[in-house]
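Step one of this worksheet: look at the structure below.
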Amino acid sequence: MSHHSTATLKPGLYIVATPIGNLGDITVRAAEVLAACDGVACEDTRVTGKLMKHLGLSKPLWRYDDHASDKDRIRLIESMSLRAVALVSDAGTPLVSDPGYRLVREAREAGVAVTSIPGPCAVIVGLTLAGLPNDRFMFGGFLPAKDKARRDALDELGSVPATLVFYETAPRLLRSLEAIGEILPNREIAVARELTKLHEECRTGSADELSNYYGAHPPKGEIVLLVGPPPPRDPSPDDAEGQLIEALETLKPSQAASLVAKATGLDRRALYARALELRGG
């Protein structure tokens with residue numbers, strides 16, 4: 001791999017995904033962009049410095065994080081009209097639960113060419129390992145640290161018909177598992193941690209099972225926490241009753257019974273009899 005390729009890059013912003021643990025996960029293209037760019041905007045120059053050293057590269061590193069001022073951002077965007085600037089985060093794909101969204105937005109508004117070099121992303125690694133349904137998933141970022149806010153967030157997302165994916169820190173894992181067990185009972189949960197590293201682990205089970213395990217084996221490292229989708233709802237007679245009452249406001253009993261039978265899979269004749277009782281009552 002020619003790290004020191006003389007390839008030149010057109011001016012602009014290059015969003016570069018970096019390894020989340022295993023340095024071997026840097027892509028050939030990412031290494032080439034880091035070798036050819038004029039400078040690297042990063043969250044932490046020490047972390048990015050290690051990666052650059054591993055690649056045998058030396059480039060100007062500019063700190064750019066959530067605390068960067070508007071002035072810093074404007075200066076960075078101005079430089080992109082003349083230079084190739086790479087944006088990296090400490091690990092994974094920039095902008096996924098990371099600073100950088102404003103930079104990309106304003107770069108686009110300024111007519112700067114934006115290119116994304118794909119690579120590792122913990123959300124996706126966690127999804128592929130857990131074996132939970134992944135035809136639809138929703139990434140919820142970090143769960144809030146405060147108990148009430150965490151419960152509100154889980155409550156709000158509980159009805160989403162998809163696997164929920166969160167980032168979590170080791171010290172907060174047990175509180176989060178407890179909250180999930182309470183607010184979203186009977187869901188299959190997965191805890192994926194130390195992803196791509198030597199001690200990579202992905203455990204699935206109920207909130208209680210995982211709480212017991214991690215209570216006894218306190219986890220380390222960054223965690224991807226996945227919660228399986230809600231089970232399909234079985235129509236309960238109560239639901240049907242409510243639907244029937246609603247349907248009768250605008251429909252004849254026979255039509256109302258057909259409509260609710262279709263919606264719930266319940267017997268049409270029984271529903272019709274009940275509709276006549278409701279109408280009569």
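Letters A, B, ... mark the chains of the structure tokens in the order given; residue numbers begin at 1 per chain; ligand numbers begin at 1, in order shown.
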For segment 24-108 of chain A against segment 166-189 of chain A, with a cut-off of 12 Å and counting only C-alpha atoms, what is the closest atom pair and its distance in Å to one decimal for every residue that makes the cut, ordered by chain and number, as CSV?
residue,atom,partner,partner_atom,distance
A:Val96,CA,A:Tyr167,CA,10.3
A:Ser97,CA,A:Tyr167,CA,8.5
A:Asp98,CA,A:Tyr167,CA,11.6
Would you list the contacts of Pro120 of chain A as a short mmCIF file (atom, residue, chain, number, x, y, z; two decimals) with N, CA and C atoms, in the first residue's frame, taking every protein, DNA or RNA residue within 9 Å and counting only C-alpha atoms, but skipping same-chain residues closer than 6 positions in sequence?
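Output contents, as saved in around.cif:
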data_model
loop_
_atom_site.label_atom_id
_atom_site.label_comp_id
_atom_site.auth_asym_id
_atom_site.auth_seq_id
_atom_site.Cartn_x
_atom_site.Cartn_y
_atom_site.Cartn_z
N ALA A 17 -13.72 7.79 7.69
CA ALA A 17 -14.00 6.87 8.80
C ALA A 17 -12.70 6.20 9.23
N THR A 18 -12.51 6.11 10.54
CA THR A 18 -11.27 5.52 11.08
C THR A 18 -11.61 4.31 11.96
N PRO A 19 -10.63 3.46 12.27
CA PRO A 19 -10.90 2.25 13.04
C PRO A 19 -11.55 2.53 14.39
N ILE A 20 -12.39 1.59 14.85
CA ILE A 20 -13.01 1.72 16.18
C ILE A 20 -12.26 0.90 17.21
N ASP A 25 -8.41 -2.06 10.40
CA ASP A 25 -9.65 -1.73 9.70
C ASP A 25 -9.60 -0.42 8.92
N ILE A 26 -8.46 0.26 8.94
CA ILE A 26 -8.34 1.46 8.10
C ILE A 26 -8.43 0.99 6.65
N THR A 27 -9.22 1.68 5.82
CA THR A 27 -9.32 1.23 4.43
C THR A 27 -8.14 1.77 3.62
N ALA A 91 -12.88 7.73 16.66
CA ALA A 91 -13.09 6.35 16.24
C ALA A 91 -14.36 6.27 15.42
N GLY A 92 -14.32 5.48 14.35
CA GLY A 92 -15.53 5.24 13.57
C GLY A 92 -15.80 6.31 12.55
N THR A 93 -17.07 6.43 12.18
CA THR A 93 -17.48 7.35 11.12
C THR A 93 -17.82 8.71 11.72
#
Need the shell around Ala113 of chain A: protein/DNA/RNA residues with any atom at most 9 Å away, counting only C-alpha atoms. Skip same-chain ones fewer than 5 positions apart. Format as a list in words?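 Within the cut-off, the hits are Lys10, Pro11, Gly12, Leu13, Tyr14, Met80, Ser81, Ala107 and Arg108 of chain A.
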Selection above as a file: C-alpha atoms, as a tab-separated table (two decimals), in the first residue's frame:
chain	number	residue	atom	x	y	z
A	10	LYS	CA	-8.86	18.32	-5.22
A	11	PRO	CA	-9.63	20.97	-2.60
A	12	GLY	CA	-12.62	20.21	-0.38
A	13	LEU	CA	-13.78	18.34	2.69
A	14	TYR	CA	-13.04	14.62	2.98
A	80	MET	CA	-11.19	24.05	1.99
A	81	SER	CA	-11.61	26.20	-1.09
A	107	ALA	CA	-19.26	23.53	3.87
A	108	ARG	CA	-22.08	22.45	1.55
Spatial neighbours of Glu241 of chain A, 12 Å, only C-alpha atoms, chain gap at least 6 places, as a list in words: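 Those residues are Pro235, Ala247, Leu248, Ala256, Ala257, Val260, Ala261, Thr264, Leu266, Ala270, Leu271, Tyr272, Ala273, Arg274, Ala275, Glu277 and Leu278 of chain A.
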I want to know what sits within 10 Å of segment 64-79 of chain A, based on only C-alpha atoms, with residues of the same chain fewer than 4 positions away left out; could you give that as number ranges by chain? A: 11-13, 38-45, 83-85, 87-89, 98-104, 106-108, 110-112
As a PyMOL selection string, list the residues of segment 33-258 of chain A assigned to strand (DSSP E) by DSSP on the backbone atoms of this structure. chain A and resi 39-42+61-63+84-87+114-117+137-142+163-169+189-193+201-205+222-227
Output C-alpha atoms for every residue in the selection just made, as a CSV table (one decimal), in the first residue's frame.
chain,number,residue,atom,x,y,z
A,39,GLY,CA,-4.4,18.7,6.9
A,40,VAL,CA,-6.6,16.8,9.2
A,41,ALA,CA,-9.4,18.2,11.4
A,42,CYS,CA,-9.9,15.9,14.4
A,61,LEU,CA,-3.6,18.3,12.8
A,62,TRP,CA,-6.3,20.8,13.6
A,63,ARG,CA,-8.5,20.4,16.6
A,84,ALA,CA,-8.0,19.2,0.8
A,85,VAL,CA,-9.1,18.9,4.5
A,86,ALA,CA,-9.8,15.5,6.0
A,87,LEU,CA,-12.3,15.3,8.9
A,114,VAL,CA,-17.7,17.1,0.2
A,115,THR,CA,-16.6,13.5,-0.2
A,116,SER,CA,-17.2,10.7,2.3
A,117,ILE,CA,-14.8,7.8,2.6
A,137,PHE,CA,-33.3,-0.2,12.9
A,138,MET,CA,-33.3,3.1,14.6
A,139,PHE,CA,-30.2,4.7,16.0
A,140,GLY,CA,-30.9,6.6,19.2
A,141,GLY,CA,-27.4,7.9,20.0
A,142,PHE,CA,-26.4,8.0,23.6
A,163,THR,CA,-34.6,-2.6,16.6
A,164,LEU,CA,-33.4,0.3,18.7
A,165,VAL,CA,-29.6,0.9,18.8
A,166,PHE,CA,-27.9,3.1,21.4
A,167,TYR,CA,-24.4,4.0,22.4
A,168,GLU,CA,-23.7,3.5,26.1
A,169,THR,CA,-20.8,3.9,28.5
A,189,ILE,CA,-31.5,-7.2,24.3
A,190,ALA,CA,-27.9,-7.3,23.1
A,191,VAL,CA,-24.8,-5.8,24.6
A,192,ALA,CA,-21.9,-5.5,22.2
A,193,ARG,CA,-18.6,-4.2,23.5
A,201,GLU,CA,-18.1,-9.6,23.2
A,202,CYS,CA,-21.7,-9.7,22.2
A,203,ARG,CA,-24.3,-11.1,24.7
A,204,THR,CA,-28.0,-11.4,24.2
A,205,GLY,CA,-30.7,-12.0,26.7
A,222,GLU,CA,-17.6,1.6,24.7
A,223,ILE,CA,-20.9,-0.3,24.4
A,224,VAL,CA,-23.5,-0.7,21.7
A,225,LEU,CA,-26.8,-1.5,23.3
A,226,LEU,CA,-29.5,-3.0,21.1
A,227,VAL,CA,-33.2,-3.6,22.0
Mind checking which residues fall within 8 Å of Pro230 of chain A, counting only C-alpha atoms, ignoring those fewer than 3 positions away in the same chain, and posting them as a PyMOL selection string? chain A and resi 158-162+187
Quick one: pull the distance between atom CA of Pro219 of chain A and atom CA of Leu195 of chain A, Å, one decimal.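 Going from atom CA of Pro219 of chain A over to atom CA of Leu195 of chain A, I get 12.7 Å.
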From a DSSP pass on the backbone, collect the residues of segment 215-276 of chain A flagged as alpha helix (DSSP H) and hand them back as number ranges by chain. A: 215-216, 237-248, 253-264, 268-276
Looking at A:Lys252, A:Val33, A:Lys148, A:Leu23, which one is nearest to Lys53 of chain A, with distances taken over only C-alpha atoms?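 Once distances to Lys53 of chain A are computed over only C-alpha atoms, the minimum belongs to A:Leu23.
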Could you check how far atom CA of Val28 of chain A sits from atom CA of Asp90 of chain A, in Å to one decimal?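 Separating atom CA of Val28 of chain A from atom CA of Asp90 of chain A is a distance of 18.4 Å.
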